[in-house]
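Visitor: My structure is below; once you've seen it, I'll send some questions.
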Protein chains: 8
Amino acid sequence: MNRVAIFIGSSSDFNVIEGALKVFKDFDVPFILEVTSAHRTPERTKDLIRTFEESGGEIFIAVAGKAAHLAGVVASHTTCPVIGVPVGGSSVNGYDALLSTVQMPKGVPVACMGIGKSGAINAALLSIQILSLKDELLKKKLINYRKEMAAQVEKSSEDVKGRL
Amino acid sequence: MNRVAIFIGSSSDFNVIEGALKVFKDFDVPFILEVTSAHRTPERTKDLIRTFEESGGEIFIAVAGKAAHLAGVVASHTTCPVIGVPVGGSSVNGYDALLSTVQMPKGVPVACMGIGKSGAINAALLSIQILSLKDELLKKKLINYRKEMAAQVEKSSEDVKGRL
Amino acid sequence: MNRVAIFIGSSSDFNVIEGALKVFKDFDVPFILEVTSAHRTPERTKDLIRTFEESGGEIFIAVAGKAAHLAGVVASHTTCPVIGVPVGGSSVNGYDALLSTVQMPKGVPVACMGIGKSGAINAALLSIQILSLKDELLKKKLINYRKEMAAQVEKSSEDVKGRL
Amino acid sequence: MNRVAIFIGSSSDFNVIEGALKVFKDFDVPFILEVTSAHRTPERTKDLIRTFEESGGEIFIAVAGKAAHLAGVVASHTTCPVIGVPVGGSSVNGYDALLSTVQMPKGVPVACMGIGKSGAINAALLSIQILSLKDELLKKKLINYRKEMAAQVEKSSEDVKGRL
Amino acid sequence: MNRVAIFIGSSSDFNVIEGALKVFKDFDVPFILEVTSAHRTPERTKDLIRTFEESGGEIFIAVAGKAAHLAGVVASHTTCPVIGVPVGGSSVNGYDALLSTVQMPKGVPVACMGIGKSGAINAALLSIQILSLKDELLKKKLINYRKEMAAQVEKSSEDVKGRL
Amino acid sequence: MNRVAIFIGSSSDFNVIEGALKVFKDFDVPFILEVTSAHRTPERTKDLIRTFEESGGEIFIAVAGKAAHLAGVVASHTTCPVIGVPVGGSSVNGYDALLSTVQMPKGVPVACMGIGKSGAINAALLSIQILSLKDELLKKKLINYRKEMAAQVEKSSEDVKGRL
Amino acid sequence: MNRVAIFIGSSSDFNVIEGALKVFKDFDVPFILEVTSAHRTPERTKDLIRTFEESGGEIFIAVAGKAAHLAGVVASHTTCPVIGVPVGGSSVNGYDALLSTVQMPKGVPVACMGIGKSGAINAALLSIQILSLKDELLKKKLINYRKEMAAQVEKSSEDVKGRL
Amino acid sequence: MNRVAIFIGSSSDFNVIEGALKVFKDFDVPFILEVTSAHRTPERTKDLIRTFEESGGEIFIAVAGKAAHLAGVVASHTTCPVIGVPVGGSSVNGYDALLSTVQMPKGVPVACMGIGKSGAINAALLSIQILSLKDELLKKKLINYRKEMAAQVEKSSEDVKGRL
């Protein structure tokens with residue numbers, strides 16, 4: 001059963017989420033991926049949400065740029081957690097996607113991540129943190145992931161000292 | 001027959017549009033007004049759009065603040081012209097509503113006005129400019145409106161000189 | 001008879017509007033194109049507006065960057081709908097062109113689009129939405145255009161899944 | 001057993017979270033509330049996190065202004081979901097708290113809400129959405145909450161029409 | 001003979017320029033003051049410029065808010081120096097008026113001052129600096145003005161020390 | 001012997017530094033206070049710097065708003081540490097003072113604090129941190145100050161819980 | 001006799017002013033050019049100002065980036081008109097140089113141009129506009145310059161139409 | 001004995017600090033360099049601070065991007081002076097790192113430098129300014145450094161004049 005649905009607003013956003021897809025694969029968390037647009041395919045977006053919820057899906061991740069309404073539109077159709085990833089690179093430096101995603105009105109939350117690839121990776125990790133609340137195995141993997149990250153920082157510190 | 005539908009995202013936006021309502025009344029353009037939310041009442045919003053279109057309505061005006069998705073959501077459900085009015089007063093000085101309204105992806109236009117009350121008045125005037133393309137009487141009223149505006153500027157110039 | 005006048009502030013803005021020109025050609029909407037500047041050729045700008053209006057033209061599109069006054073200057077000389085397209089790429093990331101175009105004072109509306117090429121395409125589509133209010137054929141083409149856009153989203157979704 | 005820990009960076013942030021506290025009470029979700037600072041009481045913050053986790057707590061909400069590091073510091077000490085609420089009102093209009101909360105580096109996610117009181121209410125609702133993934137009763141309450149919200153929008157629409 | 005023409009976009013900008021008017025009176029520099037709008041009275045604006053230039057006027061000061069096109073429009077019709085004063089207080093904190101005034105395209109300069117009352121006073125002083133290039137008396141007054149300013153700073157320093 | 005020189009750009013900045021003055025008094029660190037302006041009294045500013053340095057003074061604090069050049073001008077005349085405090089409240093929300101203070105060119109550092117009263121208090125504390133590098137007594141006072149701050153946070157946490 | 005002094009804050013700013021130098025040469029206006037820094041060479045800057053003033057120089061142009069204090073520092077030492085050109089390309093998109101240049105306190109004006117090369121060209125043109133107030137020949141050249149600019153716009157319009 | 005500890009949040013920040021390292025070497029000031037992260041290695045960061053302080057270290061420099069909490073976290077664990085260098089290059093143009101570093105709450109100061117490489121060089125120079133308060137030799141070197149900088153400006157001025 002797929003636990004997370006990832007929606008990207010355009011196929012050009014695929015490169016933004018590649019790191020996130022790798023996280024899901026590394027943690028063995030099944031997901032679906034769809035290109036769907038809040039503005040160009042509003043009905044399709046709604047149908048995908050309904051289908052995913054009825055199949056037992058738990059979390060939505062929406063990735064979009066500019067006037068990034070996708071996460072908000074998804075959140076308007078579900079009571080599952082919705083994680084929004086703003087995509088930068090617009091004329092106004094990503095402030096459009098960031099503010100469109102994060103400044104949701106009260107009553108309909110979106111969990112906004114940082115802009116771009118790092119934000120997408122964090123969306124995957126937050127999903128896994130949420131799922132790990134009822135999954136001891138995921139929790140252990142998360143703790144290991146943190147330890148490996150810390151070990152990498154220490155290793156890169158040694159590398160950098162070597163450059164002095 | 002109502003020609004313009006005005007949607008406000010919250011009843012607290014009513015004061016933003018009072019000047020716009022006066023314009024429609026002065027120009028004798030019939031309109032409907034509804035409170036409806038992109039996020040809290042997505043189905044209602046869609047139904048209102050359908051109903052208004054089927055009744056022969058021509059133009060939508062959407063007024064919203066923060067992550068102002070209302071105009072974009074309306075535009076995703078219609079091919080009638082949609083005019084967006086960003087509402088300011090948020091923690092980030094209206095940039096959220098402005099960018100969420102204006103930075104629409106290609107394919108689904110929203111005609112964005114300036115922030116707040118002036119923007120709402122201009123939304124009414126733009127509606128009338130559009131409707132006047134097939135209505136000589138409205139065109140004449142518009143030209144008169146401009147003349148009166150110019151006369152008021154001249155009058156206020158005399159007033160100001162009196163203060164020297 | 002030409003229905004839309006497109007003014008660009010500089011020949012370097014031509015690449016911004018190529019997509020918009022294609023839209024007008026695809027929809028068979030006749031237009032004129034002129035380079036004219038609010039600041040360098042104020043008289044020429046005014047003359048072009050008068051001539052176009054007298055010939056029965058209906059809509060103006062003004063495309064400009066930096067302190068983008070072109071749309072506002074056009075709007076000051078006409079009661080036809082004026083659509084403004086801010087051009088980005090300036091030192092301050094397009095905020096200058098965006099704010100100069102969108103923050104019009106009450107009484108003289110400009111319909112502001114998003115920044116750059118997408119905004120220009122949307123300016124063309126908004127023009128056609130306005131013209132379609134009295135043109136059933138254009139309305140049908142618009143509805144088809146939306147359907148094709150939606151179909152492309154679905155197709156790109158299949159493509160992206162193929163990359164997993 | 002308390003399921004959510006709410007940390008505010010200063011007692012002056014209490015008014016920001018009052019709406020959120022009401023949500024938790026309405027949904028019967030037990031929580032703890034502490035004033036603790038990333039910078040003034042780093043050890044206390046860490047100890048509170050450890051204690052809450054060991055007691056079986058599931059979700060953290062961190063509310064802070066200016067260089068709002070509280071959510072990030074909490075996230076650095078736990079693999080539970082951390083929700084950040086930026087507090088506005090600073091000299092730079094809340095952009096400091098927003099960007100300090102949302103732009104987390106990859107590997108340590110924070111779920112950022114909108115700025116201020118609405119964001120705090122949404123933090124409570126997102127917590128409940130997460131907890132409802134394994135709690136049918138909470139899920140039902142959430143769906144009811146949405147329905148009531150929608151009903152209120154419809155009611156306010158009637159009220160507004162009465163003012164015409 | 002009037003040497004400076006001050007144009008304000010609206011009578012509500014009068015309070016912004018009161019300090020500037022006092023400077024002109026203190027320096028005995030004759031000026032005219034008009035309310036005129038780039039958008040609401042484009043012809044009047046152009047006529048006022050022509051008349052002032054033909055009467056031997058030397059410098060223009062244009063004061064406007066929001067999409068502040070007034071200084072740019074004046075500059076498009078004259079080769080006299082044009083000083084622009086952006087008026088703040090808009091929803092986007094004066095960035096609209098500032099960027100609309102300062103980011104002029106090459107070929108048509110506007111001398112932009114700071115936002116608001118201080119900027120208006122500086123517009124008066126810059127005018128006098130320009131006029132003093134061919135007027136020894138004005139030059140002497142300017143040097144005295146600077147000395148008095150410096151003396152006031154020293155005096156206020158004594159006052160402040162008295163509060164310790 | 002006075003160890004710290006505090007320069008404020010205008011007597012209206014006095015209220016910004018009152019908290020900082022209290023810190024110096026609480027820590028028994030002697031200081032001088034002067035109103036002096038980078039632009040209105042450049043010679044006085046330079047003379048005050050020279051005099052203070054020759055008397056054995058060690059640290060400068062410069063407090064200014066808008067195009068806040070004061071800290072940079074002080075830094076250009078000394079090799080003592082210079083701490084800059086941007087003053088907010090301008091039309092552009094303190095970004096002018098912040099960026100004018102912090103974005104110094106390489107070679108001439110200014111230690112920039114946060115905007116306003118908190119920044120001024122931190123300027124005092126940073127001064128004391130610097131002076132404590134050769135003063136054990138100040139170091140002990142600083143450690144006590146931190147402990148008291150932490151105790152106040154704990155106390156306010158109890159207070160807030162009492163409001164639940 | 002040199003009439004204009006151009007100061008650039010760093011030799012890397014030379015490419016910003018090349019267009020401006022060409023304007024001065026085309027208009028036969030003699031100028032001096034110096035690299036001098038508000039922060040690295042405050043005394044040199046002051047000496048250059050004095051020397052230029054005593055030699056009968058009339059106008060200063062200061063070109064600088066980041067915390068661009070150069071124009072303000074020049075203005076603090078002279079009562080001649082000072083024109084500031086902010087240089088972009090910094091990490092914060094030129095807002096630092098723009099705000100540091102334009103937001104001068106009352107009493108010490110700087111005539112701020114747009115950011116970068118266009119701003120530098122306009123600084124040259126504004127200088128010539130100022131000098132033309134007592135120089136009929138320069139005035140005529142300015143009027144010709146405008147006519148040529150307008151002719152170029154018309155020509156580029158023909159070129160662009162050829163691309164349709 | 002090492003006097004300054006430089007912490008970078010990631011090995012990719014190494015190129016930002018190379019100029020700063022050269023300054024320390026030129027001034028013969030011993031330092032340590034570590035990669036350590038506020039979020040990925042909070043314990044390691046704290047341990048490094050304790051060890052450095054106990055060994056008699058005096059000043060911390062923290063270099064980080066995005067939600068740059070590193071300087072603030074260091075400051076929360078020490079009463080030594082902490083200098084923060086924001087790293088730019090993020091989607092929002094360095095405003096995230098700048099505001100996260102500079103807008104510290106009262107009680108826990110961070111001395112914020114400008115963004116990027118220039119800021120890092122200035123962090124080194126500010127460290128040396130602080131250390132020179134009790135080190136006559138360093139003071140002399142600083143004064144020489146300033147003189148050389150000034151000489152380079154004069155030399156570059158000659159070079160630039162050669163290009164005319």
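Residues in the structure tokens are numbered from 1 in each chain, the chains being A, B, ... in the order shown, and ligands are numbered from 1 in the order shown.
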Can you pull out the residues contacting Ala38 of chain F? Cut-off 10 Å, using only C-alpha atoms, and skip same-chain residues under 6 positions away; I want them as a ChimeraX atom specification.

Guide: /F:8-9,44-46,64,68-74 /G:69,72-73,76,105

Visitor: Using DSSP assignments from the backbone, pull out every residue in chain A that falls under strand (DSSP E or B) and give it to me as number ranges by chain.

Guide: A: 4-8, 31-35, 59-65, 82-87, 111-112

Visitor: Only residues of chain B matter here; which ones have an atom within 7 Å of chain C, counting only C-alpha atoms? Give them as a list in words.

Guide: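 Going by the stated atoms only, the list reads Glu58, Thr79, Cys80, Pro81, Val102, Gln103, Met104, Pro105, Lys106, Gly107, Val108, Pro109, Val110, Ala111, Cys112, Met113, Gly114, Ile115, Ser118, Gly119, Ile121, Asn122, Leu125, Leu126, Gln129, Ile130, Leu133, Leu142 and Ile143 of chain B.
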
Visitor: For each of D:Leu137, D:Leu164, D:Ile32, D:Ile17, take the minimum atom-to-atom distance to Thr51 of chain D, counting only C-alpha atoms, then give the residue where this is smallest.

Guide: D:Ile32

Visitor: Pick from G:Ala75, G:Ala151, G:Ile49, G:Met1: nearest to Thr36 of chain C, with only C-alpha atoms counted?

Guide: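 Using only C-alpha atoms, Thr36 of chain C sits closest to G:Ala151.
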
Visitor: Any idea what's packed within 10 Å of Leu33 of chain H, counting only C-alpha atoms, ignoring anything in its chain fewer than 3 positions away? Could you give it as a PDB file with N, CA and C atoms, in the first residue's frame?

Guide:
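Result file is out-v9.pdb:
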ATOM      1  N   SER A 157      34.877  17.427   8.301  1.00  0.00           N
ATOM      2  CA  SER A 157      35.720  18.318   9.090  1.00  0.00           C
ATOM      3  C   SER A 157      37.180  17.888   8.960  1.00  0.00           C
ATOM      4  N   GLU A 158      37.412  16.583   9.020  1.00  0.00           N
ATOM      5  CA  GLU A 158      38.790  16.109   8.834  1.00  0.00           C
ATOM      6  C   GLU A 158      39.299  16.473   7.442  1.00  0.00           C
ATOM      7  N   VAL A 160      38.423  18.945   5.531  1.00  0.00           N
ATOM      8  CA  VAL A 160      38.682  20.377   5.408  1.00  0.00           C
ATOM      9  C   VAL A 160      39.988  20.761   6.100  1.00  0.00           C
ATOM     10  N   LYS A 161      40.221  20.159   7.280  1.00  0.00           N
ATOM     11  CA  LYS A 161      41.491  20.452   7.969  1.00  0.00           C
ATOM     12  C   LYS A 161      42.684  20.057   7.104  1.00  0.00           C
ATOM     13  N   LEU A 164      44.157  22.819   4.953  1.00  0.00           N
ATOM     14  CA  LEU A 164      44.831  23.993   5.561  1.00  0.00           C
ATOM     15  C   LEU A 164      46.330  23.991   5.223  1.00  0.00           C
TER      16      LEU A 164
ATOM     17  N   VAL H   4      41.373  31.836  18.045  1.00  0.00           N
ATOM     18  CA  VAL H   4      40.083  31.959  17.343  1.00  0.00           C
ATOM     19  C   VAL H   4      39.634  30.579  16.855  1.00  0.00           C
ATOM     20  N   ALA H   5      38.339  30.276  17.041  1.00  0.00           N
ATOM     21  CA  ALA H   5      37.779  29.027  16.502  1.00  0.00           C
ATOM     22  C   ALA H   5      36.837  29.384  15.361  1.00  0.00           C
ATOM     23  N   ILE H   6      37.095  28.802  14.197  1.00  0.00           N
ATOM     24  CA  ILE H   6      36.224  29.035  13.036  1.00  0.00           C
ATOM     25  C   ILE H   6      35.411  27.777  12.803  1.00  0.00           C
ATOM     26  N   PHE H   7      34.082  27.930  12.849  1.00  0.00           N
ATOM     27  CA  PHE H   7      33.188  26.803  12.570  1.00  0.00           C
ATOM     28  C   PHE H   7      32.474  27.087  11.257  1.00  0.00           C
ATOM     29  N   ILE H   8      32.515  26.119  10.338  1.00  0.00           N
ATOM     30  CA  ILE H   8      31.702  26.264   9.127  1.00  0.00           C
ATOM     31  C   ILE H   8      30.655  25.172   9.136  1.00  0.00           C
ATOM     32  N   PHE H  14      33.871  26.085   2.676  1.00  0.00           N
ATOM     33  CA  PHE H  14      35.316  26.313   2.800  1.00  0.00           C
ATOM     34  C   PHE H  14      35.781  27.461   1.907  1.00  0.00           C
ATOM     35  N   LEU H  21      41.154  32.920   6.230  1.00  0.00           N
ATOM     36  CA  LEU H  21      42.286  32.123   6.722  1.00  0.00           C
ATOM     37  C   LEU H  21      43.601  32.821   6.385  1.00  0.00           C
ATOM     38  N   THR H  36      31.093  21.901  11.583  1.00  0.00           N
ATOM     39  CA  THR H  36      30.135  21.405  12.575  1.00  0.00           C
ATOM     40  C   THR H  36      28.813  22.099  12.332  1.00  0.00           C
ATOM     41  N   ILE H  61      34.112  32.305  15.391  1.00  0.00           N
ATOM     42  CA  ILE H  61      33.534  32.754  14.113  1.00  0.00           C
ATOM     43  C   ILE H  61      32.687  31.603  13.588  1.00  0.00           C
TER      44      ILE H  61
END

Visitor: Which value, in Å to one decimal, gives the distance between atom CA of Asp135 of chain C and atom CA of Phe52 of chain C?

Guide: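 Atom CA of Asp135 of chain C sits 20.6 Å away from atom CA of Phe52 of chain C.
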
Visitor: Could you please determine the separation between atom CA of Phe24 of chain E and atom CA of Val63 of chain E in Å, to one decimal place?

Guide: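 Here the two named atoms are 15.7 Å from each other.
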